[in-house]
Amino acid sequence: MAEKSTPPYYPIREDAAKRAKDMNSFSDYQPGSATAEYHRCVDEAAALAERQKSHVDPMYHEKIDRLLDTYARKLANNMNEGFAIDARVPSILITGGSNFPVRQKEKQNVARDRNMAEWRDIQSLLDKIRSTGMGGISADDPQAIAKLESKLAGLERAQERMKGVNAYYRKHKTLDGCPLLTQEQAEKLKSGMASSWHLEDKPYPAWALSNNSAEIRRVKGRIASLSAHKAAHYEGWEFDGGRVETNTEDNRLQIFFDEKPDTDARSVLKSNGFRWSPNAGAWQRQLNNNALYAAKHLDFLQPVSDEDLFEDGQDGLEQEDGGMHLL
């Protein structure tokens, strides 16, 4: 049995947790209680990760561990930020109603709502842990190319097997004794050939070979596309009022603004596939050539330096030494 990994813990600001408690409650803060609650949440996530790892192929274990670490790190940051927010303005029960800072309290409540939205976003990482290894092959999966290559090998073996079985039947006019089939497989093919819908005098009809061949071409195409994307070296740039960054770990093109963009800019971002991520604090979409093309053609994201400008007609990319490089 594989040894369980130690849950990843990040520091919790006990001093901030105590200040938040003092500002909002008459009861004393229990030292270490914030850290204990954080450890409880991480321990539950770690147990979930271990259960998921026991159900899926080992090739997914690294991704599950990475998701668990991200959850632990972001949860710690979220909790620490929550303590800082709660300590900004005391509860009216503590200070009383006289000269209560209503405006500051409203700002605090807005910050609390934002912090809670981030917390919900962090909890969605648990769903990602639960689904890892249970579905199709995502382009975001760092093992996507290896998995596709494994799938391709299986499809190619199946293609050769179908051709070999058909050749054996063509020569012997029977499936008995075919070395490529088990007895159960041979009987199943015989039953299929006896059905009224089986119109061809061979175990595997032409459409089965054709469909499998088409799937082989599709998977090869995905491998080629992901390989080119993996070889690409993307770089971000600064614009007036923020910066564009390429987050290769999360496979996202991210736009950070110094100040909240106006309504028109937000509408343009949404229409170009970018979505606001409270957790990242950025507008983002999946990192690929289309995302770079969209970002570089938005007027308010133009680079502040001429050295960062893209050459027309190159879509911001240049072929060099077998890899794609952002100009």
# chains A, B, ... in the order shown; residues from 1 in each chain; ligands from 1
call {"tool": "residues_around", "arguments": {"residues": "Ile12 of chain A", "least_positions_apart": "4", "cutoff": "8 Å", "atoms": "only C-alpha atoms", "output": "PyMOL selection string"}}
result
chain A and resi 34-35+38+76+79-80
call {"tool": "residues_around", "arguments": {"residues": "segment 235-249 of chain A", "least_positions_apart": "6", "cutoff": "7 Å", "atoms": "only C-alpha atoms", "output": "ChimeraX atom specification"}}
result
/A:255-258,301-304,308,326
call {"tool": "select_by_dssp", "arguments": {"residues": "segment 147-260 of chain A", "states": "alpha helix (DSSP H)", "output": "PyMOL selection string"}}
result
chain A and resi 147-172+183-193+206-231
call {"tool": "residues_around", "arguments": {"residues": "segment 158-160 of chain A", "least_positions_apart": "2", "cutoff": "10 Å", "atoms": "only C-alpha atoms", "output": "PyMOL selection string"}}
result
chain A and resi 152-156+162-166+208-213+216
call {"tool": "write_last_selection", "arguments": {"atoms": "C-alpha atoms", "output": "mmCIF file, in the first residue's frame"}}
result
data_model
loop_
_atom_site.group_PDB
_atom_site.id
_atom_site.type_symbol
_atom_site.label_atom_id
_atom_site.label_comp_id
_atom_site.auth_asym_id
_atom_site.auth_seq_id
_atom_site.Cartn_x
_atom_site.Cartn_y
_atom_site.Cartn_z
ATOM 1 C CA LEU A 152 -3.745 6.140 -29.698
ATOM 2 C CA ALA A 153 -1.689 3.005 -29.128
ATOM 3 C CA GLY A 154 -4.851 1.157 -28.076
ATOM 4 C CA LEU A 155 -6.770 2.356 -31.138
ATOM 5 C CA GLU A 156 -3.948 1.316 -33.451
ATOM 6 C CA MET A 162 -9.703 -6.064 -36.713
ATOM 7 C CA LYS A 163 -7.729 -6.277 -39.956
ATOM 8 C CA GLY A 164 -6.047 -9.494 -38.794
ATOM 9 C CA VAL A 165 -9.350 -11.127 -37.809
ATOM 10 C CA ASN A 166 -10.895 -10.215 -41.163
ATOM 11 C CA ALA A 208 -16.092 -0.259 -37.987
ATOM 12 C CA LEU A 209 -12.619 -0.002 -39.522
ATOM 13 C CA SER A 210 -13.446 3.408 -41.005
ATOM 14 C CA ASN A 211 -14.756 4.819 -37.712
ATOM 15 C CA ASN A 212 -11.751 3.554 -35.777
ATOM 16 C CA SER A 213 -9.421 4.994 -38.413
ATOM 17 C CA ILE A 216 -7.027 7.523 -34.817
#
call {"tool": "closest_residue", "arguments": {"among": "A:Arg103, A:Lys147, A:Lys188, A:Lys202", "to": "Met59 of chain A", "atoms": "only C-alpha atoms"}}
result
A:Lys147
call {"tool": "atom_distance", "arguments": {"atom1": "atom CA of Gln254 of chain A", "atom2": "atom CA of Val110 of chain A"}}
result
23.8 Å
call {"tool": "select_by_dssp", "arguments": {"residues": "segment 40-260 of chain A", "states": "strand (DSSP E or B)", "output": "list in words"}}
result
His233, Trp237, Glu238, Phe239, Gly242, Arg243, Val244, Glu245, Thr246, Asn247, Arg252, Leu253, Gln254, Ile255, Phe256 and Phe257 of chain A
call {"tool": "write_last_selection", "arguments": {"atoms": "C-alpha atoms", "output": "PDB file, in the first residue's frame"}}
result
ATOM      1  CA  HIS A 233       6.712  30.010 -25.082  1.00  0.00           C
ATOM      2  CA  TRP A 237       3.106  42.456 -21.391  1.00  0.00           C
ATOM      3  CA  GLU A 238       2.278  45.657 -19.557  1.00  0.00           C
ATOM      4  CA  PHE A 239      -0.441  48.053 -20.708  1.00  0.00           C
ATOM      5  CA  GLY A 242      -2.285  46.912 -15.739  1.00  0.00           C
ATOM      6  CA  ARG A 243      -0.561  43.879 -17.149  1.00  0.00           C
ATOM      7  CA  VAL A 244      -1.253  40.679 -19.090  1.00  0.00           C
ATOM      8  CA  GLU A 245       0.335  37.521 -17.695  1.00  0.00           C
ATOM      9  CA  THR A 246       0.561  33.934 -18.904  1.00  0.00           C
ATOM     10  CA  ASN A 247      -0.094  31.503 -16.062  1.00  0.00           C
ATOM     11  CA  ARG A 252      -4.713  30.684 -18.206  1.00  0.00           C
ATOM     12  CA  LEU A 253      -4.083  34.030 -19.874  1.00  0.00           C
ATOM     13  CA  GLN A 254      -4.719  36.528 -17.086  1.00  0.00           C
ATOM     14  CA  ILE A 255      -5.371  40.277 -17.201  1.00  0.00           C
ATOM     15  CA  PHE A 256      -4.661  42.287 -14.050  1.00  0.00           C
ATOM     16  CA  PHE A 257      -5.996  45.844 -13.794  1.00  0.00           C
TER      17      PHE A 257
END
call {"tool": "closest_atom_pairs", "arguments": {"of": "segment 57-166 of chain A", "to": "segment 267-280 of chain A", "cutoff": "9 Å", "atoms": "only C-alpha atoms", "output": "tab-separated table"}}
result
residue	atom	partner	partner_atom	distance
A:Lys74	CA	A:Asn279	CA	8.1
A:Asn78	CA	A:Asn279	CA	8.9
A:Arg114	CA	A:Pro278	CA	7.5
A:Asn115	CA	A:Pro278	CA	8.5
A:Ala117	CA	A:Pro278	CA	7.1
A:Glu118	CA	A:Asn279	CA	5.2
A:Trp119	CA	A:Asn279	CA	8.1
A:Asp121	CA	A:Asn279	CA	6.7
A:Ile122	CA	A:Asn279	CA	7.4
call {"tool": "write_last_selection", "arguments": {"atoms": "N, CA and C atoms", "output": "mmCIF file, in the first residue's frame"}}
result
data_model
loop_
_atom_site.group_PDB
_atom_site.id
_atom_site.type_symbol
_atom_site.label_atom_id
_atom_site.label_comp_id
_atom_site.auth_asym_id
_atom_site.auth_seq_id
_atom_site.Cartn_x
_atom_site.Cartn_y
_atom_site.Cartn_z
ATOM 1 N N LYS A 74 -4.633 28.328 -0.945
ATOM 2 C CA LYS A 74 -5.636 29.378 -1.166
ATOM 3 C C LYS A 74 -6.579 29.513 0.020
ATOM 4 N N ASN A 78 -7.253 32.880 2.114
ATOM 5 C CA ASN A 78 -8.618 33.361 2.254
ATOM 6 C C ASN A 78 -8.985 33.577 3.721
ATOM 7 N N ARG A 114 -16.947 39.674 -0.908
ATOM 8 C CA ARG A 114 -15.923 39.267 -1.874
ATOM 9 C C ARG A 114 -15.107 38.094 -1.331
ATOM 10 N N ASN A 115 -14.776 38.161 -0.049
ATOM 11 C CA ASN A 115 -14.009 37.085 0.573
ATOM 12 C C ASN A 115 -14.809 35.778 0.581
ATOM 13 N N ALA A 117 -17.121 34.963 -1.636
ATOM 14 C CA ALA A 117 -17.145 34.475 -3.012
ATOM 15 C C ALA A 117 -15.857 33.721 -3.337
ATOM 16 N N GLU A 118 -14.744 34.236 -2.841
ATOM 17 C CA GLU A 118 -13.476 33.552 -3.047
ATOM 18 C C GLU A 118 -13.458 32.215 -2.327
ATOM 19 N N TRP A 119 -14.040 32.170 -1.132
ATOM 20 C CA TRP A 119 -14.111 30.916 -0.372
ATOM 21 C C TRP A 119 -14.895 29.865 -1.147
ATOM 22 N N ASP A 121 -15.270 29.728 -4.341
ATOM 23 C CA ASP A 121 -14.434 29.339 -5.484
ATOM 24 C C ASP A 121 -13.377 28.318 -5.047
ATOM 25 N N ILE A 122 -12.822 28.518 -3.868
ATOM 26 C CA ILE A 122 -11.821 27.588 -3.345
ATOM 27 C C ILE A 122 -12.448 26.223 -3.073
#
call {"tool": "residues_around", "arguments": {"residues": "Lys190 of chain A", "least_positions_apart": "3", "cutoff": "8 Å", "atoms": "only C-alpha atoms", "output": "short mmCIF file (atom, residue, chain, number, x, y, z; two decimals) with N, CA and C atoms, in the first residue's frame"}}
result
data_model
loop_
_atom_site.label_atom_id
_atom_site.label_comp_id
_atom_site.auth_asym_id
_atom_site.auth_seq_id
_atom_site.Cartn_x
_atom_site.Cartn_y
_atom_site.Cartn_z
N LEU A 175 -13.97 -18.49 -37.85
CA LEU A 175 -13.23 -17.79 -36.80
C LEU A 175 -12.64 -18.77 -35.81
N ALA A 186 -14.78 -14.75 -30.23
CA ALA A 186 -15.14 -15.39 -31.50
C ALA A 186 -16.63 -15.68 -31.56
N GLU A 187 -17.20 -16.18 -30.45
CA GLU A 187 -18.63 -16.49 -30.43
C GLU A 187 -19.46 -15.22 -30.56
N MET A 193 -22.41 -11.71 -36.93
CA MET A 193 -22.44 -11.98 -38.37
C MET A 193 -23.74 -12.67 -38.77
N ALA A 194 -24.37 -13.38 -37.83
CA ALA A 194 -25.63 -14.07 -38.13
C ALA A 194 -26.84 -13.14 -38.05
N PRO A 203 -16.10 -10.48 -40.33
CA PRO A 203 -16.44 -10.21 -38.92
C PRO A 203 -16.59 -8.72 -38.61
#
call {"tool": "residues_around", "arguments": {"residues": "Asn109 of chain A", "least_positions_apart": "2", "cutoff": "12 Å", "atoms": "only C-alpha atoms", "output": "PyMOL selection string"}}
result
chain A and resi 82+85-91+102-107+111-116
call {"tool": "residues_around", "arguments": {"residues": "segment 125-130 of chain A", "least_positions_apart": "3", "cutoff": "7 Å", "atoms": "only C-alpha atoms", "output": "list in words"}}
result
Ala45, Ala49, Gln52, Ile64, Leu67, Tyr71 and Ile122 of chain A
call {"tool": "atom_distance", "arguments": {"atom1": "atom CA of Leu181 of chain A", "atom2": "atom CA of Lys151 of chain A"}}
result
20.7 Å
call {"tool": "closest_residue", "arguments": {"among": "A:Leu226, A:Ala84, A:Ala72, A:Ile145", "to": "Ala16 of chain A", "atoms": "only C-alpha atoms"}}
result
A:Ala84
call {"tool": "decode", "arguments": {"residues": "segment 158-178 of chain A", "atoms": "N, CA and C atoms", "output": "mmCIF file, in the first residue's frame"}}
result
data_model
loop_
_atom_site.group_PDB
_atom_site.id
_atom_site.type_symbol
_atom_site.label_atom_id
_atom_site.label_comp_id
_atom_site.auth_asym_id
_atom_site.auth_seq_id
_atom_site.Cartn_x
_atom_site.Cartn_y
_atom_site.Cartn_z
ATOM 1 N N ALA A 158 -6.193 -2.000 -31.905
ATOM 2 C CA ALA A 158 -7.529 -2.481 -32.274
ATOM 3 C C ALA A 158 -7.695 -2.525 -33.790
ATOM 4 N N GLN A 159 -7.136 -1.529 -34.479
ATOM 5 C CA GLN A 159 -7.239 -1.491 -35.940
ATOM 6 C C GLN A 159 -6.519 -2.691 -36.568
ATOM 7 N N GLU A 160 -5.311 -2.955 -36.079
ATOM 8 C CA GLU A 160 -4.552 -4.092 -36.600
ATOM 9 C C GLU A 160 -5.235 -5.417 -36.264
ATOM 10 N N ARG A 161 -5.832 -5.470 -35.082
ATOM 11 C CA ARG A 161 -6.534 -6.698 -34.684
ATOM 12 C C ARG A 161 -7.740 -6.945 -35.577
ATOM 13 N N MET A 162 -8.530 -5.897 -35.848
ATOM 14 C CA MET A 162 -9.703 -6.064 -36.713
ATOM 15 C C MET A 162 -9.286 -6.501 -38.119
ATOM 16 N N LYS A 163 -8.220 -5.889 -38.630
ATOM 17 C CA LYS A 163 -7.729 -6.277 -39.956
ATOM 18 C C LYS A 163 -7.258 -7.732 -39.950
ATOM 19 N N GLY A 164 -6.561 -8.131 -38.883
ATOM 20 C CA GLY A 164 -6.047 -9.494 -38.794
ATOM 21 C C GLY A 164 -7.159 -10.523 -38.702
ATOM 22 N N VAL A 165 -8.211 -10.206 -37.925
ATOM 23 C CA VAL A 165 -9.350 -11.127 -37.809
ATOM 24 C C VAL A 165 -10.055 -11.267 -39.150
ATOM 25 N N ASN A 166 -10.258 -10.154 -39.837
ATOM 26 C CA ASN A 166 -10.895 -10.215 -41.163
ATOM 27 C C ASN A 166 -10.063 -11.035 -42.135
ATOM 28 N N ALA A 167 -8.741 -10.863 -42.074
ATOM 29 C CA ALA A 167 -7.857 -11.620 -42.970
ATOM 30 C C ALA A 167 -7.927 -13.112 -42.656
ATOM 31 N N TYR A 168 -7.980 -13.454 -41.370
ATOM 32 C CA TYR A 168 -8.075 -14.872 -40.982
ATOM 33 C C TYR A 168 -9.374 -15.467 -41.508
ATOM 34 N N TYR A 169 -10.468 -14.744 -41.349
ATOM 35 C CA TYR A 169 -11.769 -15.255 -41.823
ATOM 36 C C TYR A 169 -11.792 -15.378 -43.341
ATOM 37 N N ARG A 170 -11.198 -14.399 -44.021
ATOM 38 C CA ARG A 170 -11.167 -14.446 -45.490
ATOM 39 C C ARG A 170 -10.421 -15.692 -45.985
ATOM 40 N N LYS A 171 -9.390 -16.075 -45.255
ATOM 41 C CA LYS A 171 -8.588 -17.231 -45.658
ATOM 42 C C LYS A 171 -9.216 -18.554 -45.250
ATOM 43 N N HIS A 172 -9.816 -18.633 -44.027
ATOM 44 C CA HIS A 172 -10.293 -19.904 -43.499
ATOM 45 C C HIS A 172 -11.811 -20.034 -43.518
ATOM 46 N N LYS A 173 -12.543 -18.929 -43.755
ATOM 47 C CA LYS A 173 -13.999 -18.919 -43.750
ATOM 48 C C LYS A 173 -14.583 -19.387 -42.413
ATOM 49 N N THR A 174 -13.832 -19.202 -41.380
ATOM 50 C CA THR A 174 -14.273 -19.503 -40.022
ATOM 51 C C THR A 174 -13.425 -18.689 -39.055
ATOM 52 N N LEU A 175 -13.972 -18.486 -37.852
ATOM 53 C CA LEU A 175 -13.226 -17.795 -36.804
ATOM 54 C C LEU A 175 -12.636 -18.774 -35.806
ATOM 55 N N ASP A 176 -12.992 -20.054 -35.954
ATOM 56 C CA ASP A 176 -12.437 -21.062 -35.057
ATOM 57 C C ASP A 176 -10.925 -21.135 -35.213
ATOM 58 N N GLY A 177 -10.248 -21.098 -34.086
ATOM 59 C CA GLY A 177 -8.795 -21.198 -34.100
ATOM 60 C C GLY A 177 -8.074 -19.897 -34.382
ATOM 61 N N CYS A 178 -8.802 -18.787 -34.494
ATOM 62 C CA CYS A 178 -8.147 -17.489 -34.761
ATOM 63 C C CYS A 178 -7.312 -17.093 -33.544
#
